[in-house]
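> This is the structure I have questions about; it appears just below.
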Amino acid sequence: MNPENLKYNESHEWVGLTSENGQQVAVVGITDFAIQQLTDLVYMELPKIGAQVVQGQQFGEVESVKAVSPLYSPVTGKVVAVHSELADQLEGLASDPYDNGWLIKVEMAAGATIDNLLDYAAYQKQCAS
Amino acid sequence: MEGIYQIDSARSGIDNMSIDQAMLLQTAEDGIARLRIYSWDKPTVSLGYFQKFEEFQSFNPAEDLSVVRRATGGGAIVHHYDWTYSITLPATEAGAIAHGASPRLYDCVHGAVIGWLGQHQVAAELWSNQPLPGIQQSSAVCNAGGCSFLCFERRHAGDVIVDGFKVMGSAQRRHGHALLQHGSLLLRTSPLATSLLGLSELGFQPEGLLAGFSLQVVDGLRADFGIQFQCYDCSDPIVPIPEETQLKFESKLWTARI
């Protein structure tokens, strides 16, 4: 996914909309900036397929070098796919955070939006500040 | 920034973890820094947040040891002869980076401890990832299944080292707008973890010096973060413990969550 076309949480999760099997899904990950700041990732805990996630609420956790941190969902809906294999290849996340580094895919709830999130320029500005 | 600190009495593992979590929740609400320095009423293993419970069962097949799970990451600690501390700060004040850790807070507390050890003629230093045979240098190797169960057998940049032995390590947990940092100073070898040398075995007897140690940490936090600490001189917990927090840490579902 092209980072310039994504939306962002202030807490450094990205979301992009895509179509799979004729259905729109929201793909969620964490940004290159966050991964660089986290340095060594050790563990990641993600929700199960079918779990409900809510925009701004915690959906998972990540442990970097001795810090456990929550992951916040940028979108509201139902989890339809989880990138479980990522747990065994966290070192590789840094090399491809916007494609192979996706974490979950979400079927957005009726009325859910990502228009309220930061766009690429606003997120870049936040990272630079 | 306002702050409160307490040199607490020895408590159970469940109470210690519940109070630390309550501190984190309270600091996220009111922005007041809190520091607690404490010990444990009986030998207790604290598991890192992501450690598998079966690793504890392998470590203690008789299952006769008390065990709790921390909210912070890292390896297991045998709390037998150690001083433990917990500090909670607003994440922005702690200089927390995206998603997580505040290296500044590690450096502050560990630097203060190194200064305190130096006052007692103990040469301590921060681990800086120099390779040593047989020593795991990064938690990243945990992913490959080759990680030591015990925190003090691991090495991370910033750990406090004396004569090559790790005597202090810390770990953090982010919650909302607050950060919790736990850490432990190993005073002497426990018969439950004989591979680890404490300060006593390294030639320094720290017992009886807790007040001076605590003040050094308080002064370090004051200097680095501008925290104006008030002493909480009371035997009650430094914050009220919400019932659900206590129930969580009592629960086998939490302790054996993975």
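Residues in the structure tokens are named by chain (A, B, ... in the order shown) and by number from 1 within that chain; ligands are numbered from 1 in the order shown.
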Give the helix (DSSP H, G or I) residues of chain A, as DSSP finds them on the backbone, and put them as a PyMOL selection string.
chain A and resi 3-5+32-38+84-88+90-95+120-128
> Taking only C-alpha atoms into account, find every residue of chain A that has an atom no more than 8 Å from chain B, and write it out as number ranges by chain.
A: 11-12, 33-34, 37-38, 40-43, 63-71, 88-89, 91
> Report the residues of range 79-242 of chain B whose backbone DSSP state falls under strand (DSSP E or B), written as a PyMOL selection string.
chain B and resi 79+82-90+124-126+136+150+154+160-162+165-175+178-186+190+193+228-231
> Write out as JSON, numbers by chain the residues lying within 6 Å of range 117-130 of chain B, counting only C-alpha atoms and excluding same-chain residues fewer than 5 positions away.
{"B": [157, 158, 159, 160, 161, 162]}
> With all heavy atoms kept, could you save the residues just selected as a short mmCIF file (atom, residue, chain, number, x, y, z; two decimals), in the first residue's frame?

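This is the output file selection.cif:
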data_model
loop_
_atom_site.label_atom_id
_atom_site.label_comp_id
_atom_site.auth_asym_id
_atom_site.auth_seq_id
_atom_site.Cartn_x
_atom_site.Cartn_y
_atom_site.Cartn_z
N ALA B 157 20.68 -3.49 26.43
CA ALA B 157 21.36 -2.20 26.58
C ALA B 157 20.68 -1.44 27.71
O ALA B 157 19.46 -1.36 27.77
CB ALA B 157 21.25 -1.41 25.29
N GLY B 158 21.47 -0.93 28.63
CA GLY B 158 20.93 -0.15 29.73
C GLY B 158 20.81 -0.92 31.04
O GLY B 158 20.56 -0.32 32.09
N ASP B 159 20.97 -2.25 31.02
CA ASP B 159 20.98 -3.00 32.28
C ASP B 159 22.16 -2.56 33.14
O ASP B 159 23.20 -2.14 32.61
CB ASP B 159 21.12 -4.51 32.00
CG ASP B 159 19.86 -5.10 31.40
OD1 ASP B 159 18.78 -4.49 31.52
OD2 ASP B 159 19.96 -6.19 30.80
N VAL B 160 22.01 -2.71 34.45
CA VAL B 160 23.11 -2.34 35.36
C VAL B 160 23.97 -3.58 35.62
O VAL B 160 23.45 -4.63 36.04
CB VAL B 160 22.56 -1.78 36.69
CG1 VAL B 160 23.72 -1.42 37.62
CG2 VAL B 160 21.69 -0.54 36.43
N ILE B 161 25.25 -3.44 35.36
CA ILE B 161 26.18 -4.56 35.40
C ILE B 161 27.29 -4.28 36.41
O ILE B 161 27.83 -3.17 36.45
CB ILE B 161 26.83 -4.75 34.00
CG1 ILE B 161 25.76 -4.93 32.91
CG2 ILE B 161 27.82 -5.90 34.00
CD1 ILE B 161 24.98 -6.19 32.96
N VAL B 162 27.61 -5.30 37.21
CA VAL B 162 28.76 -5.22 38.10
C VAL B 162 29.62 -6.46 37.85
O VAL B 162 29.13 -7.59 37.94
CB VAL B 162 28.32 -5.19 39.58
CG1 VAL B 162 29.54 -5.25 40.51
CG2 VAL B 162 27.49 -3.94 39.88
#
> Name the residues in contact with range 111-122 of chain A at a cut-off of 12 Å, using only C-alpha atoms, excluding same-chain residues fewer than 5 positions from it; report them as number ranges by chain.
A: 2-17, 25-28, 31, 53-56, 73-78, 106, 127-129
> For range 239-249 of chain B, find every residue with an atom within 6 Å (counting only C-alpha atoms), except residues of its own chain fewer than 4 positions away, and show them as a PDB file with N, CA and C atoms, in the first residue's frame.

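Result file is out.pdb:
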ATOM      1  N   ILE B  14       0.533 -10.676  44.568  1.00  0.00           N
ATOM      2  CA  ILE B  14      -0.731 -10.170  44.015  1.00  0.00           C
ATOM      3  C   ILE B  14      -0.935  -8.716  44.433  1.00  0.00           C
ATOM      4  N   SER B  18      -0.976  -5.547  41.943  1.00  0.00           N
ATOM      5  CA  SER B  18      -2.241  -4.780  41.928  1.00  0.00           C
ATOM      6  C   SER B  18      -1.974  -3.305  42.222  1.00  0.00           C
ATOM      7  N   ALA B  22      -2.630  -0.183  39.780  1.00  0.00           N
ATOM      8  CA  ALA B  22      -3.492   0.918  40.251  1.00  0.00           C
ATOM      9  C   ALA B  22      -2.758   2.256  40.128  1.00  0.00           C
TER      10      ALA B  22
END
> Which polymer residues have any atom within 12 Å of an atom of range 5-9 of chain B, counting only C-alpha atoms, with same-chain residues fewer than 3 positions away left out, as a PyMOL selection string?
chain B and resi 2+12+15-16+19-20+23+32-41+83-88+210-215+217-219+221-222+227-239
> What lies within 8 Å of Pro97 in chain A using only C-alpha atoms, ignoring chain neighbours under 4 positions off, as a PyMOL selection string?
chain A and resi 29-32+93+101-102
> Which value, in Å to one decimal, gives the distance between CA of Ser46 in chain B and CA of Leu196 in chain B?
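Computing the Euclidean distance for CA of Ser46 in chain B and CA of Leu196 in chain B yields 15.8 Å.
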> How many Å separate CA of Gly198 in chain B from CA of Leu186 in chain B?
4.9 Å
> Interatomic distance between CA of Lys105 in chain A and CA of Leu86 in chain A?
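These two atoms are separated by 13.6 Å.
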